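Undergrad: One file is attached below, structure-v1.cif, containing mmCIF, C-alpha atoms.
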```cif
data_target
#
loop_
_atom_site.group_PDB
_atom_site.id
_atom_site.type_symbol
_atom_site.label_atom_id
_atom_site.label_comp_id
_atom_site.auth_asym_id
_atom_site.auth_seq_id
_atom_site.Cartn_x
_atom_site.Cartn_y
_atom_site.Cartn_z
ATOM 1 C CA MET A 1 111.790 232.412 -15.871
ATOM 2 C CA ARG A 2 111.122 234.094 -19.181
ATOM 3 C CA LYS A 3 110.687 230.724 -20.846
ATOM 4 C CA LYS A 4 108.085 229.699 -18.246
ATOM 5 C CA LEU A 5 106.101 232.896 -18.871
ATOM 6 C CA VAL A 6 106.110 232.258 -22.608
ATOM 7 C CA ILE A 7 104.838 228.694 -22.069
ATOM 8 C CA LEU A 8 102.136 229.927 -19.663
ATOM 9 C CA PHE A 9 101.044 232.609 -22.121
ATOM 10 C CA GLY A 10 100.871 230.015 -24.876
ATOM 11 C CA MET A 11 98.703 227.709 -22.782
ATOM 12 C CA VAL A 12 96.286 230.543 -21.886
ATOM 13 C CA LEU A 13 96.090 231.544 -25.543
ATOM 14 C CA LEU A 14 95.330 227.973 -26.610
ATOM 15 C CA ALA A 15 92.612 227.727 -23.921
ATOM 16 C CA LEU A 16 90.974 230.931 -25.161
ATOM 17 C CA VAL A 17 91.056 229.724 -28.769
ATOM 18 C CA GLY A 18 89.505 226.428 -27.693
ATOM 19 C CA LEU A 19 86.788 228.206 -25.750
ATOM 20 C CA ILE A 20 85.949 230.460 -28.702
ATOM 21 C CA LEU A 21 85.728 227.438 -30.997
ATOM 22 C CA LYS A 22 83.460 225.618 -28.531
ATOM 23 C CA ILE A 23 81.139 228.642 -28.207
ATOM 24 C CA SER A 24 81.000 228.946 -32.010
ATOM 25 C CA VAL A 25 80.036 225.269 -32.354
ATOM 26 C CA ILE A 26 77.318 225.564 -29.662
ATOM 27 C CA ASN A 27 75.958 228.753 -31.227
ATOM 28 C CA ALA A 28 75.818 227.138 -34.665
ATOM 29 C CA THR A 29 74.173 223.896 -33.549
ATOM 30 C CA GLU A 30 72.038 224.854 -30.552
ATOM 31 C CA GLY A 31 71.892 228.651 -30.638
ATOM 32 C CA ASP A 32 68.144 228.828 -31.314
ATOM 33 C CA LYS A 33 67.387 226.514 -28.409
ATOM 34 C CA TYR A 34 69.325 228.600 -25.895
ATOM 35 C CA SER A 35 67.925 231.853 -27.293
ATOM 36 C CA LYS A 36 64.399 230.573 -26.722
ATOM 37 C CA GLN A 37 65.252 229.467 -23.208
ATOM 38 C CA VAL A 38 66.591 232.919 -22.388
ATOM 39 C CA LEU A 39 63.524 234.481 -23.982
ATOM 40 C CA MET A 40 61.267 232.227 -21.926
ATOM 41 C CA GLN A 41 62.977 233.293 -18.704
ATOM 42 C CA THR A 42 62.698 237.002 -19.536
ATOM 43 C CA GLN A 43 59.042 236.664 -20.461
ATOM 44 C CA GLN A 44 57.882 234.466 -17.595
ATOM 45 C CA GLN A 45 55.451 237.081 -16.293
ATOM 46 C CA TYR A 46 53.733 237.025 -19.696
ATOM 47 C CA ALA A 47 53.565 233.233 -19.673
ATOM 48 C CA SER A 48 50.031 233.279 -18.326
ATOM 49 C CA ARG A 49 47.175 235.703 -17.890
ATOM 50 C CA VAL A 50 43.729 235.559 -16.337
ATOM 51 C CA ILE A 51 40.720 235.754 -18.658
ATOM 52 C CA PRO A 52 37.975 237.229 -16.452
ATOM 53 C CA CYS A 53 34.494 235.739 -16.448
ATOM 54 C CA LYS A 54 31.337 237.816 -16.796
ATOM 55 C CA ARG A 55 29.073 238.004 -13.757
ATOM 56 C CA GLY A 56 25.472 237.040 -14.424
ATOM 57 C CA ASP A 57 22.737 239.627 -14.935
ATOM 58 C CA ILE A 58 19.722 240.312 -12.712
ATOM 59 C CA PHE A 59 16.300 240.838 -14.334
ATOM 60 C CA ASP A 60 12.858 241.734 -13.065
ATOM 61 C CA LYS A 61 9.843 239.513 -13.887
ATOM 62 C CA ASN A 62 9.277 241.319 -17.213
ATOM 63 C CA GLY A 63 12.851 241.074 -18.452
ATOM 64 C CA ASN A 64 13.958 244.569 -17.425
ATOM 65 C CA LEU A 65 17.676 244.616 -16.683
ATOM 66 C CA LEU A 66 18.368 245.503 -13.046
ATOM 67 C CA ALA A 67 22.107 244.699 -12.896
ATOM 68 C CA THR A 68 24.655 243.833 -15.557
ATOM 69 C CA SER A 69 28.407 243.695 -16.197
ATOM 70 C CA SER A 70 30.070 245.555 -19.069
ATOM 71 C CA LYS A 71 33.539 244.851 -20.441
ATOM 72 C CA VAL A 72 36.116 247.529 -19.626
ATOM 73 C CA TYR A 73 39.918 247.593 -19.625
ATOM 74 C CA ASN A 74 42.815 248.450 -17.345
ATOM 75 C CA VAL A 75 45.631 250.355 -19.070
ATOM 76 C CA ILE A 76 48.930 248.593 -18.331
ATOM 77 C CA LEU A 77 52.364 250.145 -18.795
ATOM 78 C CA ASP A 78 55.428 248.088 -19.686
ATOM 79 C CA CYS A 79 57.896 250.629 -18.328
ATOM 80 C CA LYS A 80 60.897 248.537 -19.343
ATOM 81 C CA ALA A 81 59.792 248.491 -22.987
ATOM 82 C CA ILE A 82 59.105 252.238 -23.058
ATOM 83 C CA ASN A 83 62.485 253.017 -21.472
ATOM 84 C CA SER A 84 64.338 250.667 -23.845
ATOM 85 C CA ASP A 85 64.520 253.402 -26.504
ATOM 86 C CA GLN A 86 64.544 257.158 -25.954
ATOM 87 C CA ASP A 87 62.445 257.582 -29.108
ATOM 88 C CA TYR A 88 59.525 255.725 -27.474
ATOM 89 C CA LEU A 89 59.094 258.015 -24.471
ATOM 90 C CA GLU A 90 57.565 261.216 -25.872
ATOM 91 C CA PRO A 91 55.196 259.598 -28.443
ATOM 92 C CA THR A 92 53.888 257.115 -25.858
ATOM 93 C CA VAL A 93 53.218 259.728 -23.177
ATOM 94 C CA LYS A 94 51.619 262.006 -25.787
ATOM 95 C CA ALA A 95 49.256 259.236 -26.966
ATOM 96 C CA LEU A 96 48.237 258.326 -23.406
ATOM 97 C CA LEU A 97 47.371 261.948 -22.629
ATOM 98 C CA LYS A 98 45.504 262.336 -25.931
ATOM 99 C CA PHE A 99 43.137 259.381 -25.515
ATOM 100 C CA PHE A 100 42.799 258.858 -21.777
ATOM 101 C CA ASP A 101 42.214 260.920 -18.669
ATOM 102 C CA ALA A 102 45.756 260.172 -17.567
ATOM 103 C CA ASP A 103 47.956 262.123 -15.159
ATOM 104 C CA GLU A 104 51.239 263.075 -16.839
ATOM 105 C CA GLU A 105 53.009 263.351 -13.493
ATOM 106 C CA LYS A 106 51.973 259.807 -12.593
ATOM 107 C CA ILE A 107 53.184 258.471 -15.961
ATOM 108 C CA GLN A 108 56.572 260.163 -15.595
ATOM 109 C CA LYS A 109 56.951 258.873 -12.040
ATOM 110 C CA LEU A 110 56.238 255.277 -13.108
ATOM 111 C CA LEU A 111 58.809 255.575 -15.907
ATOM 112 C CA THR A 112 61.571 257.133 -13.806
ATOM 113 C CA ASP A 113 61.163 255.740 -10.286
ATOM 114 C CA ASP A 114 63.784 253.098 -9.461
ATOM 115 C CA LYS A 115 61.038 250.801 -8.131
ATOM 116 C CA THR A 116 58.982 250.821 -11.352
ATOM 117 C CA LYS A 117 61.128 251.936 -14.293
ATOM 118 C CA ASN A 118 62.063 248.334 -15.164
ATOM 119 C CA SER A 119 58.649 246.887 -14.351
ATOM 120 C CA GLN A 120 56.682 245.243 -17.144
ATOM 121 C CA TYR A 121 53.327 245.516 -15.334
ATOM 122 C CA GLN A 122 52.093 248.795 -13.876
ATOM 123 C CA ILE A 123 48.383 249.660 -13.818
ATOM 124 C CA LEU A 124 48.041 253.240 -15.053
ATOM 125 C CA LEU A 125 44.242 253.476 -15.383
ATOM 126 C CA LYS A 126 41.242 251.332 -14.534
ATOM 127 C CA GLU A 127 37.853 250.898 -16.212
ATOM 128 C CA VAL A 128 38.712 252.392 -19.604
ATOM 129 C CA THR A 129 35.812 251.949 -22.037
ATOM 130 C CA VAL A 130 35.796 249.816 -25.185
ATOM 131 C CA ASP A 131 35.469 252.971 -27.309
ATOM 132 C CA GLU A 132 38.511 254.594 -25.657
ATOM 133 C CA LYS A 133 40.598 251.465 -26.256
ATOM 134 C CA LYS A 134 39.401 251.266 -29.870
ATOM 135 C CA ALA A 135 40.371 254.895 -30.541
ATOM 136 C CA PHE A 136 43.856 254.300 -29.080
ATOM 137 C CA ASP A 137 44.329 251.115 -31.129
ATOM 138 C CA GLU A 138 43.289 252.873 -34.338
ATOM 139 C CA TYR A 139 45.769 255.674 -33.658
ATOM 140 C CA THR A 140 48.700 253.314 -33.058
ATOM 141 C CA THR A 141 47.913 250.967 -35.975
ATOM 142 C CA VAL A 142 49.446 252.345 -39.167
ATOM 143 C CA GLY A 143 48.034 250.676 -42.279
ATOM 144 C CA GLU A 144 49.935 250.070 -45.508
ATOM 145 C CA ASN A 145 47.786 252.586 -47.414
ATOM 146 C CA SER A 146 47.928 255.235 -44.707
ATOM 147 C CA LYS A 147 48.024 258.838 -45.923
ATOM 148 C CA LEU A 148 50.074 259.927 -42.927
ATOM 149 C CA SER A 149 53.433 261.591 -43.458
ATOM 150 C CA ASP A 150 56.590 259.613 -42.698
ATOM 151 C CA GLU A 151 57.067 261.690 -39.560
ATOM 152 C CA GLU A 152 53.521 260.940 -38.348
ATOM 153 C CA LYS A 153 53.936 257.226 -39.098
ATOM 154 C CA LYS A 154 57.186 257.087 -37.151
ATOM 155 C CA GLU A 155 55.625 258.896 -34.184
ATOM 156 C CA ARG A 156 52.710 256.478 -33.996
ATOM 157 C CA GLU A 157 54.906 253.412 -34.477
ATOM 158 C CA ASN A 158 57.026 254.595 -31.547
ATOM 159 C CA VAL A 159 54.085 254.301 -29.165
ATOM 160 C CA GLN A 160 55.264 251.226 -27.272
ATOM 161 C CA GLY A 161 54.792 249.466 -23.941
ATOM 162 C CA VAL A 162 51.039 250.016 -23.589
ATOM 163 C CA TRP A 163 48.584 247.111 -23.419
ATOM 164 C CA PHE A 164 45.114 246.454 -22.093
ATOM 165 C CA GLU A 165 43.849 244.032 -19.471
ATOM 166 C CA GLU A 166 40.221 242.888 -19.727
ATOM 167 C CA THR A 167 37.904 243.240 -16.757
ATOM 168 C CA TYR A 168 34.222 243.954 -16.060
ATOM 169 C CA LEU A 169 32.355 246.864 -14.503
ATOM 170 C CA ARG A 170 29.079 246.247 -12.662
ATOM 171 C CA SER A 171 26.331 248.730 -13.509
ATOM 172 C CA TYR A 172 22.696 249.304 -12.542
ATOM 173 C CA PRO A 173 20.515 250.826 -15.299
ATOM 174 C CA PHE A 174 17.752 251.983 -12.904
ATOM 175 C CA GLU A 175 20.283 253.585 -10.533
ATOM 176 C CA SER A 176 18.593 253.848 -7.095
ATOM 177 C CA LEU A 177 15.462 251.813 -7.906
ATOM 178 C CA ALA A 178 15.074 248.928 -5.419
ATOM 179 C CA CYS A 179 18.637 249.584 -4.246
ATOM 180 C CA ASP A 180 18.346 247.791 -0.895
ATOM 181 C CA THR A 181 16.720 244.767 -2.518
ATOM 182 C CA ILE A 182 19.167 244.444 -5.402
ATOM 183 C CA GLY A 183 22.315 245.172 -3.400
ATOM 184 C CA PHE A 184 25.719 245.816 -4.966
ATOM 185 C CA THR A 185 29.170 244.329 -5.536
ATOM 186 C CA PHE A 186 32.371 245.514 -3.864
ATOM 187 C CA ASP A 187 34.466 244.297 -6.798
ATOM 188 C CA ALA A 188 34.006 241.966 -9.764
ATOM 189 C CA GLU A 189 33.024 238.971 -7.637
ATOM 190 C CA THR A 190 32.337 240.033 -4.044
ATOM 191 C CA ALA A 191 28.944 241.014 -2.634
ATOM 192 C CA ASP A 192 27.158 240.482 0.677
ATOM 193 C CA TRP A 193 24.041 242.642 0.371
ATOM 194 C CA GLY A 194 20.658 242.145 -1.274
ATOM 195 C CA LEU A 195 20.141 239.823 -4.228
ATOM 196 C CA GLU A 196 23.757 240.389 -5.308
ATOM 197 C CA GLY A 197 24.962 238.971 -2.003
ATOM 198 C CA TYR A 198 22.409 236.201 -1.519
ATOM 199 C CA TYR A 199 22.943 234.791 -5.034
ATOM 200 C CA ASN A 200 26.640 235.650 -5.193
ATOM 201 C CA SER A 201 27.794 232.087 -5.880
ATOM 202 C CA THR A 202 25.201 231.708 -8.649
ATOM 203 C CA LEU A 203 25.999 235.021 -10.331
ATOM 204 C CA ASN A 204 29.751 234.450 -10.170
ATOM 205 C CA GLY A 205 31.479 232.397 -12.824
ATOM 206 C CA THR A 206 34.974 230.942 -13.074
ATOM 207 C CA ASP A 207 37.876 232.869 -14.570
ATOM 208 C CA GLY A 208 39.746 231.344 -17.478
ATOM 209 C CA ARG A 209 43.477 231.430 -18.127
ATOM 210 C CA GLN A 210 45.826 231.675 -21.066
ATOM 211 C CA TYR A 211 49.156 229.875 -20.814
ATOM 212 C CA GLY A 212 52.135 230.473 -23.061
ATOM 213 C CA TYR A 213 55.170 228.228 -22.761
ATOM 214 C CA PHE A 214 58.019 226.482 -24.609
ATOM 215 C CA ASN A 215 57.709 222.740 -25.162
ATOM 216 C CA ASP A 216 60.520 220.172 -25.119
ATOM 217 C CA SER A 217 61.413 221.107 -28.706
ATOM 218 C CA ALA A 218 61.708 224.773 -27.676
ATOM 219 C CA ASP A 219 58.680 225.670 -29.811
ATOM 220 C CA VAL A 220 56.113 228.132 -28.541
ATOM 221 C CA GLU A 221 52.883 226.517 -27.341
ATOM 222 C CA GLN A 222 49.698 228.150 -26.076
ATOM 223 C CA THR A 223 46.825 226.749 -24.055
ATOM 224 C CA ILE A 224 43.611 228.653 -23.386
ATOM 225 C CA ILE A 225 41.111 227.641 -20.714
ATOM 226 C CA GLU A 226 37.967 229.586 -21.523
ATOM 227 C CA PRO A 227 36.148 231.350 -18.657
ATOM 228 C CA THR A 228 32.760 230.127 -17.479
ATOM 229 C CA ASN A 229 30.381 233.055 -17.161
ATOM 230 C CA GLY A 230 28.056 233.344 -14.177
ATOM 231 C CA LYS A 231 24.374 232.483 -14.365
ATOM 232 C CA SER A 232 21.733 235.198 -14.637
ATOM 233 C CA ILE A 233 18.690 235.296 -12.372
ATOM 234 C CA VAL A 234 15.115 236.415 -13.050
ATOM 235 C CA THR A 235 13.454 237.828 -9.942
ATOM 236 C CA THR A 236 9.795 238.394 -9.054
ATOM 237 C CA LEU A 237 10.392 242.154 -8.773
ATOM 238 C CA ASP A 238 8.306 244.374 -11.032
ATOM 239 C CA VAL A 239 9.935 247.665 -12.079
ATOM 240 C CA GLY A 240 6.531 249.291 -12.576
ATOM 241 C CA ALA A 241 5.249 248.310 -9.137
ATOM 242 C CA GLN A 242 8.557 249.303 -7.550
ATOM 243 C CA SER A 243 8.403 252.760 -9.136
ATOM 244 C CA ILE A 244 4.856 253.314 -7.839
ATOM 245 C CA VAL A 245 5.785 252.210 -4.309
ATOM 246 C CA GLU A 246 8.812 254.520 -4.202
ATOM 247 C CA LYS A 247 6.728 257.443 -5.490
ATOM 248 C CA TYR A 248 4.205 257.120 -2.664
ATOM 249 C CA VAL A 249 6.817 256.413 -0.014
ATOM 250 C CA ASP A 250 8.517 259.703 -0.958
ATOM 251 C CA ALA A 251 5.187 261.551 -0.841
ATOM 252 C CA PHE A 252 4.347 260.080 2.575
ATOM 253 C CA GLN A 253 7.734 261.019 4.018
ATOM 254 C CA GLU A 254 7.441 264.549 2.662
ATOM 255 C CA ARG A 255 3.933 265.125 4.043
ATOM 256 C CA MET A 256 3.939 263.115 7.261
ATOM 257 C CA GLY A 257 7.548 262.416 8.164
ATOM 258 C CA ALA A 258 8.731 259.095 9.636
ATOM 259 C CA LYS A 259 11.728 257.738 11.533
ATOM 260 C CA ASN A 260 11.342 254.378 9.842
ATOM 261 C CA ILE A 261 9.238 253.206 6.947
ATOM 262 C CA GLY A 262 8.898 249.929 5.073
ATOM 263 C CA VAL A 263 6.628 248.742 2.269
ATOM 264 C CA ILE A 264 6.362 245.253 0.772
ATOM 265 C CA VAL A 265 4.043 244.416 -2.146
ATOM 266 C CA GLU A 266 3.262 240.738 -2.726
ATOM 267 C CA ASP A 267 1.251 238.745 -5.199
ATOM 268 C CA PRO A 268 -1.503 237.372 -2.901
ATOM 269 C CA ASN A 269 -1.826 234.229 -5.002
ATOM 270 C CA THR A 270 1.806 233.136 -4.854
ATOM 271 C CA GLY A 271 3.519 235.256 -2.179
ATOM 272 C CA ALA A 272 5.980 236.530 -4.816
ATOM 273 C CA ILE A 273 7.602 239.843 -3.831
ATOM 274 C CA LEU A 274 6.782 242.489 -6.464
ATOM 275 C CA ALA A 275 8.276 245.525 -4.712
ATOM 276 C CA MET A 276 10.110 246.503 -1.521
ATOM 277 C CA ASP A 277 11.183 249.918 -0.283
ATOM 278 C CA GLY A 278 12.521 251.480 2.906
ATOM 279 C CA GLY A 279 12.669 255.127 1.857
ATOM 280 C CA ASP A 280 16.386 255.954 2.076
ATOM 281 C CA ARG A 281 17.873 255.262 -1.350
ATOM 282 C CA TYR A 282 21.237 255.629 -3.085
ATOM 283 C CA ASP A 283 22.564 255.224 -6.618
ATOM 284 C CA LEU A 284 23.929 251.690 -6.905
ATOM 285 C CA ASN A 285 26.420 252.882 -9.547
ATOM 286 C CA GLU A 286 28.039 255.101 -6.922
#
```
Starting from the file, give its structure as structure tokens.
TA:
Amino acid sequence: MRKKLVILFGMVLLALVGLILKISVINATEGDKYSKQVLMQTQQQYASRVIPCKRGDIFDKNGNLLATSSKVYNVILDCKAINSDQDYLEPTVKALLKFFDADEEKIQKLLTDDKTKNSQYQILLKEVTVDEKKAFDEYTTVGENSKLSDEEKKERENVQGVWFEETYLRSYPFESLACDTIGFTFDAETADWGLEGYYNSTLNGTDGRQYGYFNDSADVEQTIIEPTNGKSIVTTLDVGAQSIVEKYVDAFQERMGAKNIGVIVEDPNTGAILAMDGGDRYDLNE
């Protein structure tokens, strides 16, 4: 019996030695390949991203800008990256509170909640300006000739797991002017009111996409399909005429009162609409 146990032990030992040798050979000859495959699987959600297109502008007949889209950013948290090292937590939260109108309680909840603490994509803030992003980037980028102390450098270098997603914000420079005629968007590419709605398919473009992947040789490849921006439109509206119409509509309502009112100003030679107003106005930016 004892002899059988010794033989069995010897066989198991030989099998383990053989397995270790086989793993060593694989690691030496094909280790990089398998490492890249594992990396690819862990980074699949970063393998592609949408590059948003810019919606076209709306102008009046004289080139005055009635509606436009400005680039803004969503602040994205990679909770898994921040939680990967205890030294990252405090500097990252501190930087977010310093540069953005962020809620500390919301940040802490995203980083500690079982549903989100290992997530690599959580939207913390929307519509952050270019200047706010620039200030944050300058803070977290430590140059070689920086005059910061070693402690300050380490703190800034430990700001991790924060990145920015491009998007666009629709804005209306003249606020409530010709609001019913111009219309507004519900999001970056949806509208069903006024000029924004009627010419929605013309104003909208096509989003692009960036793909990152590993080829057959396990080398990193990247393909970028550039976005196609929407087309702008020039209308027959005249900001000057529109302002005059709205001024007198307001005066009429104040002096006379009316349940309903409507004014249309046309060019008698062409029928082009120069101004339209119905009295009740609102700020298109709101």
Undergrad: Could you tell me, as a list in words, exactly which residues end up selected when the PyMOL selection byres ((chain A and resi 163) around 8) is applied to this structure?
TA: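 Here the PyMOL selection byres ((chain A and resi 163) around 8) matches Val75, Ile76, Leu77, Asp78, Gly161, Val162, Phe164 and Glu165 of chain A.
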Undergrad: Set the distance at 12 Å and use only C-alpha atoms: which residues neighbour Glu196 in chain A once local chain neighbours fewer than 6 positions away are removed? I'd like the list as a PyMOL selection string.
TA: chain A and resi 55-59+66-68+170-172+179-190+202-204+232-233+235+284
Undergrad: For each of A:Lys61, A:Arg281, A:Arg209, A:Lys133, take the minimum atom-to-atom distance to Pro227 in chain A, counting all atoms listed in the file, then give the residue where this is smallest.
TA: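 Counting all atoms listed in the file, the residue closest to Pro227 in chain A is A:Arg209.
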Undergrad: Nearest to Ile82 in chain A among A:Arg49, A:Lys106, A:Lys117, A:Lys98, with distances taken over all atoms listed in the file: which residue is it?
TA: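 Among the listed residues, the smallest separation from Ile82 in chain A belongs to A:Lys117.
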Undergrad: Decode the PyMOL selection byres ((chain A and resi 79) around 12) for the given file into explicit residues and return them as a compact mmCIF listing (two decimals) with C-alpha atoms, in the frame of the given file.
TA:
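And here's result_33.txt as it stands now:
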```txt
# COMPACT_ATOMS: atom_id res chain seq x y z
CA ILE A 76 48.93 248.59 -18.33
CA LEU A 77 52.36 250.14 -18.80
CA ASP A 78 55.43 248.09 -19.69
CA LYS A 80 60.90 248.54 -19.34
CA ALA A 81 59.79 248.49 -22.99
CA ILE A 82 59.10 252.24 -23.06
CA ASN A 83 62.48 253.02 -21.47
CA SER A 84 64.34 250.67 -23.84
CA ASP A 85 64.52 253.40 -26.50
CA TYR A 88 59.52 255.72 -27.47
CA LEU A 89 59.09 258.02 -24.47
CA THR A 92 53.89 257.12 -25.86
CA VAL A 93 53.22 259.73 -23.18
CA ILE A 107 53.18 258.47 -15.96
CA GLN A 108 56.57 260.16 -15.60
CA LYS A 109 56.95 258.87 -12.04
CA LEU A 110 56.24 255.28 -13.11
CA LEU A 111 58.81 255.58 -15.91
CA THR A 112 61.57 257.13 -13.81
CA ASP A 113 61.16 255.74 -10.29
CA ASP A 114 63.78 253.10 -9.46
CA LYS A 115 61.04 250.80 -8.13
CA THR A 116 58.98 250.82 -11.35
CA LYS A 117 61.13 251.94 -14.29
CA ASN A 118 62.06 248.33 -15.16
CA SER A 119 58.65 246.89 -14.35
CA GLN A 120 56.68 245.24 -17.14
CA TYR A 121 53.33 245.52 -15.33
CA GLN A 122 52.09 248.80 -13.88
CA ILE A 123 48.38 249.66 -13.82
CA LEU A 124 48.04 253.24 -15.05
CA GLN A 160 55.26 251.23 -27.27
CA GLY A 161 54.79 249.47 -23.94
CA VAL A 162 51.04 250.02 -23.59
CA TRP A 163 48.58 247.11 -23.42
```
Undergrad: Enumerate, as a short mmCIF file (atom, residue, chain, number, x, y, z; two decimals) with C-alpha atoms, in the frame of the given file, the residues matched when the PyMOL selection byres ((chain A and resi 141) around 12) is run on the file above.
TA:
```cif
data_model
loop_
_atom_site.label_atom_id
_atom_site.label_comp_id
_atom_site.auth_asym_id
_atom_site.auth_seq_id
_atom_site.Cartn_x
_atom_site.Cartn_y
_atom_site.Cartn_z
CA LYS A 134 39.40 251.27 -29.87
CA ALA A 135 40.37 254.90 -30.54
CA PHE A 136 43.86 254.30 -29.08
CA ASP A 137 44.33 251.12 -31.13
CA GLU A 138 43.29 252.87 -34.34
CA TYR A 139 45.77 255.67 -33.66
CA THR A 140 48.70 253.31 -33.06
CA VAL A 142 49.45 252.34 -39.17
CA GLY A 143 48.03 250.68 -42.28
CA GLU A 144 49.94 250.07 -45.51
CA ASN A 145 47.79 252.59 -47.41
CA SER A 146 47.93 255.24 -44.71
CA LEU A 148 50.07 259.93 -42.93
CA GLU A 152 53.52 260.94 -38.35
CA LYS A 153 53.94 257.23 -39.10
CA LYS A 154 57.19 257.09 -37.15
CA GLU A 155 55.62 258.90 -34.18
CA ARG A 156 52.71 256.48 -34.00
CA GLU A 157 54.91 253.41 -34.48
CA ASN A 158 57.03 254.60 -31.55
CA VAL A 159 54.08 254.30 -29.16
CA GLN A 160 55.26 251.23 -27.27
#
```
Undergrad: Record the distance separating CA of Asp101 in chain A and CA of Ser69 in chain A, expressed in Å with one decimal.
TA: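 Value for the CA of Asp101 in chain A-CA of Ser69 in chain A distance: 22.2 Å.
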Undergrad: Quick check, in Å to one decimal: how far apart do CA of Val50 in chain A and CA of Glu104 in chain A lie?
TA: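 Separation of CA of Val50 in chain A and CA of Glu104 in chain A: 28.5 Å.
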Undergrad: Could you please determine the separation between CA of Glu132 in chain A and CA of Glu286 in chain A in Å, to one decimal place?
TA: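 These atoms are spaced 21.5 Å apart.
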Undergrad: Up to 12 Å from (2.7, 238.0, -5.0) in the file's coordinates: name the residues, counting only C-alpha atoms, as a PyMOL selection string.
TA: chain A and resi 61+235-238+241+264-276
Undergrad: Let me make sure I understand: among A:Val17, A:Lys54, A:Pro173, A:Ser201, which one has the smallest atom-to-atom distance to Thr228 in chain A if we use only C-alpha atoms?
TA: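 Closest residue, counting only C-alpha atoms: A:Lys54.
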Undergrad: Just checking: using all atoms listed in the file, which residue out of A:Val234, A:Val72, A:Val12, A:Val128 ends up closest to Thr167 in chain A?
TA: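 The closest residue to Thr167 in chain A is A:Val72.
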Undergrad: Using all atoms listed in the file, which of the listed residues (A:Gly10, A:Gly240, A:Pro91, A:Gly278) sits closest to Asn260 in chain A?
TA: A:Gly278
